[in-house]
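A.B. asks: One structure is given below, represented as structure tokens, and several questions about it will come after.
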Amino acid sequence: MRIAEGDFLKCAESSDGLWLLQSLSSVSPSRCRVSFPPLLQYLEFPGPQNPSLCSAIEFIPSTRAVELVSVHEDENQVLGYEVVHIGPIDNIATTTIYSWQELQVPELFKYGERKRTNLDSFPKSAAREGVVLFFRRGVAYCIWAAENNLDIHVDILDMVNESYIGHTTLSVGTFISDGLNRIQLLDWNGQLSFAEVVNDELHVLVLDDYRKKQHR
């Protein structure tokens, strides 16, 4: 099935210019398209199995592959993930069938503090449904606010191996003066960082070691 160009909306862009587009809600079944603007080429394949809260796309230089992740939520407000691997991009065949696969979250992490209770902390311009995806250097971070609006929950995904690394909670109340309302996400030398400008000073909270889930 071929869908007209106007029936797609851009839902994510990589740091090096790749686009992920998803068909309009009026199109059924849903479709996704990965666009390579410099090459004027694209790949099209079925959309995620679950309704997507937000998505991210990134090119991984070490594997010469494109990785995609989509976030969804179950009936208990617990997040789950679907992923697509495309590549190596030097050897992509147009006849290859790509599809979203569920990324397995260990039972230890499925519930408890990973249940979302605060859906409105991030500005609407920054997130859909209160969830932000930050994807850099093969690691994807899914970020949402705790109920107290002073802590941030972070799920960490290894997108090279398509596996779940773990979950951590960052207390930003000490570092960020206005809760999460004015927070900005940064790539601080390859590390996920949360920043705010206060009186012309840059305040930054850095996740130092995502595998040990340490921050400073």
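The way I read the labels, and the way they are meant: chains A, B, ... in the order of the structure tokens, residue 1 as the first residue of every chain, and ligand 1 as the first ligand shown, with later ones counted on from there.
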Can you pull out the residues contacting His85 (chain A)? Cut-off 10 Å, using only C-alpha atoms, and skip same-chain residues under 3 positions away; I want them as a list in words.

C.D. replies: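 With the cut-off at 10 Å, the set is Ala65, Val66, Glu67, Leu68, Val69, Pro88, Tyr98, Ser99, Trp100, Gln101, Met159, Val160, Asn161 and Glu162 of chain A.
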
A.B. asks: What's around Cys11 (chain A) at 7 Å? Count only C-alpha atoms, leave out sequence neighbours fewer than 3 positions away in its own chain, and write the answer as a list in words.

C.D. replies: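 Returned residues: Leu20, Leu21, Gln22 and Ser55 of chain A.
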
A.B. asks: For CA of Leu103 (chain A) and CA of Val71 (chain A), quote the distance in Å rounded to one decimal.

C.D. replies: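 These two atoms are separated by 10.2 Å.
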
A.B. asks: What's around Asn50 (chain A) at 10 Å? Count only C-alpha atoms, leave out sequence neighbours fewer than 3 positions away in its own chain, and write the answer as a list in words.

C.D. replies: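 Residues near the query, excluding close chain neighbours: Gly47, Leu53, Ser70, Val71, His72, Glu73, Asp74, Gly80, Tyr81, Glu82, Trp100 and Glu102 of chain A.
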
A.B. asks: I need the residues from that last selection saved to file as a PDB file, in the first residue's frame (with N, CA, C and O atoms), if you can.

C.D. replies:
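Full text of again_15.pdb as output:
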ATOM      1  N   GLY A  47       3.393   0.684  10.963  1.00  0.00           N
ATOM      2  CA  GLY A  47       3.556   1.470  12.177  1.00  0.00           C
ATOM      3  C   GLY A  47       3.665   0.576  13.406  1.00  0.00           C
ATOM      4  O   GLY A  47       3.517  -0.657  13.325  1.00  0.00           O
ATOM      5  N   LEU A  53       3.290   7.195  22.216  1.00  0.00           N
ATOM      6  CA  LEU A  53       3.319   8.460  22.951  1.00  0.00           C
ATOM      7  C   LEU A  53       4.365   9.397  22.350  1.00  0.00           C
ATOM      8  O   LEU A  53       4.157  10.603  22.261  1.00  0.00           O
ATOM      9  N   SER A  70       9.887   3.525  19.888  1.00  0.00           N
ATOM     10  CA  SER A  70       8.570   4.110  20.116  1.00  0.00           C
ATOM     11  C   SER A  70       8.125   3.759  21.528  1.00  0.00           C
ATOM     12  O   SER A  70       8.289   2.614  21.974  1.00  0.00           O
ATOM     13  N   VAL A  71       7.570   4.751  22.235  1.00  0.00           N
ATOM     14  CA  VAL A  71       7.113   4.553  23.614  1.00  0.00           C
ATOM     15  C   VAL A  71       5.596   4.389  23.630  1.00  0.00           C
ATOM     16  O   VAL A  71       4.879   5.152  22.982  1.00  0.00           O
ATOM     17  N   HIS A  72       5.120   3.401  24.374  1.00  0.00           N
ATOM     18  CA  HIS A  72       3.681   3.252  24.569  1.00  0.00           C
ATOM     19  C   HIS A  72       3.397   3.003  26.048  1.00  0.00           C
ATOM     20  O   HIS A  72       4.312   2.844  26.852  1.00  0.00           O
ATOM     21  N   GLU A  73       2.126   2.989  26.385  1.00  0.00           N
ATOM     22  CA  GLU A  73       1.721   2.859  27.783  1.00  0.00           C
ATOM     23  C   GLU A  73       0.605   1.824  27.890  1.00  0.00           C
ATOM     24  O   GLU A  73      -0.307   1.787  27.060  1.00  0.00           O
ATOM     25  N   ASP A  74       0.683   0.954  28.929  1.00  0.00           N
ATOM     26  CA  ASP A  74      -0.364  -0.049  29.099  1.00  0.00           C
ATOM     27  C   ASP A  74      -1.498   0.509  29.956  1.00  0.00           C
ATOM     28  O   ASP A  74      -1.499   1.678  30.355  1.00  0.00           O
ATOM     29  N   GLY A  80       6.132   0.958  27.949  1.00  0.00           N
ATOM     30  CA  GLY A  80       6.784  -0.113  27.221  1.00  0.00           C
ATOM     31  C   GLY A  80       7.403   0.444  25.955  1.00  0.00           C
ATOM     32  O   GLY A  80       7.170   1.611  25.587  1.00  0.00           O
ATOM     33  N   TYR A  81       8.182  -0.373  25.260  1.00  0.00           N
ATOM     34  CA  TYR A  81       8.958   0.117  24.124  1.00  0.00           C
ATOM     35  C   TYR A  81       8.909  -0.863  22.949  1.00  0.00           C
ATOM     36  O   TYR A  81       8.935  -2.077  23.143  1.00  0.00           O
ATOM     37  N   GLU A  82       8.848  -0.308  21.748  1.00  0.00           N
ATOM     38  CA  GLU A  82       9.012  -1.070  20.520  1.00  0.00           C
ATOM     39  C   GLU A  82      10.186  -0.480  19.753  1.00  0.00           C
ATOM     40  O   GLU A  82      10.401   0.741  19.764  1.00  0.00           O
ATOM     41  N   TRP A 100       8.217  -3.415  13.811  1.00  0.00           N
ATOM     42  CA  TRP A 100       8.503  -3.064  15.195  1.00  0.00           C
ATOM     43  C   TRP A 100       8.494  -4.319  16.063  1.00  0.00           C
ATOM     44  O   TRP A 100       7.629  -5.177  15.926  1.00  0.00           O
ATOM     45  N   GLU A 102       8.814  -5.722  20.190  1.00  0.00           N
ATOM     46  CA  GLU A 102       8.727  -5.322  21.596  1.00  0.00           C
ATOM     47  C   GLU A 102      10.079  -5.497  22.277  1.00  0.00           C
ATOM     48  O   GLU A 102      10.720  -6.540  22.162  1.00  0.00           O
TER      49      GLU A 102
END

A.B. asks: Find the spatial neighbours of Ser26 (chain A), counting only C-alpha atoms, within a cut-off of 12 Å - ignore same-chain residues fewer than 3 positions away - and output them as a list in words.

C.D. replies: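 Contacts, in chain order: Ile3, Gly6, Asp7, Phe8, Leu9, Gln22, Ser23, Pro29, Ser30 and Arg31 of chain A.
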
A.B. asks: Find the distance between CA of Pro51 (chain A) and CA of Gln184 (chain A) and write it in Å to one decimal.

C.D. replies: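 These two atoms are separated by 26.0 Å.
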
A.B. asks: Which residues, written as a VMD selection string, have at least one atom at most 9 Å from Ser193 (chain A), with only C-alpha atoms counted and residues fewer than 2 positions away on the same chain left out?

C.D. replies: chain A and resid 184 to 188 191 195 204 to 208

A.B. asks: So what do you get for CA of His167 (chain A) versus CA of Val154 (chain A), distance-wise?

C.D. replies: 5.7 Å

A.B. asks: Taking into account only C-alpha atoms, which residue in the set A:Leu157, A:Ile152, A:Leu170, A:Val84 is nearest to Cys32 (chain A)?

C.D. replies: A:Val84
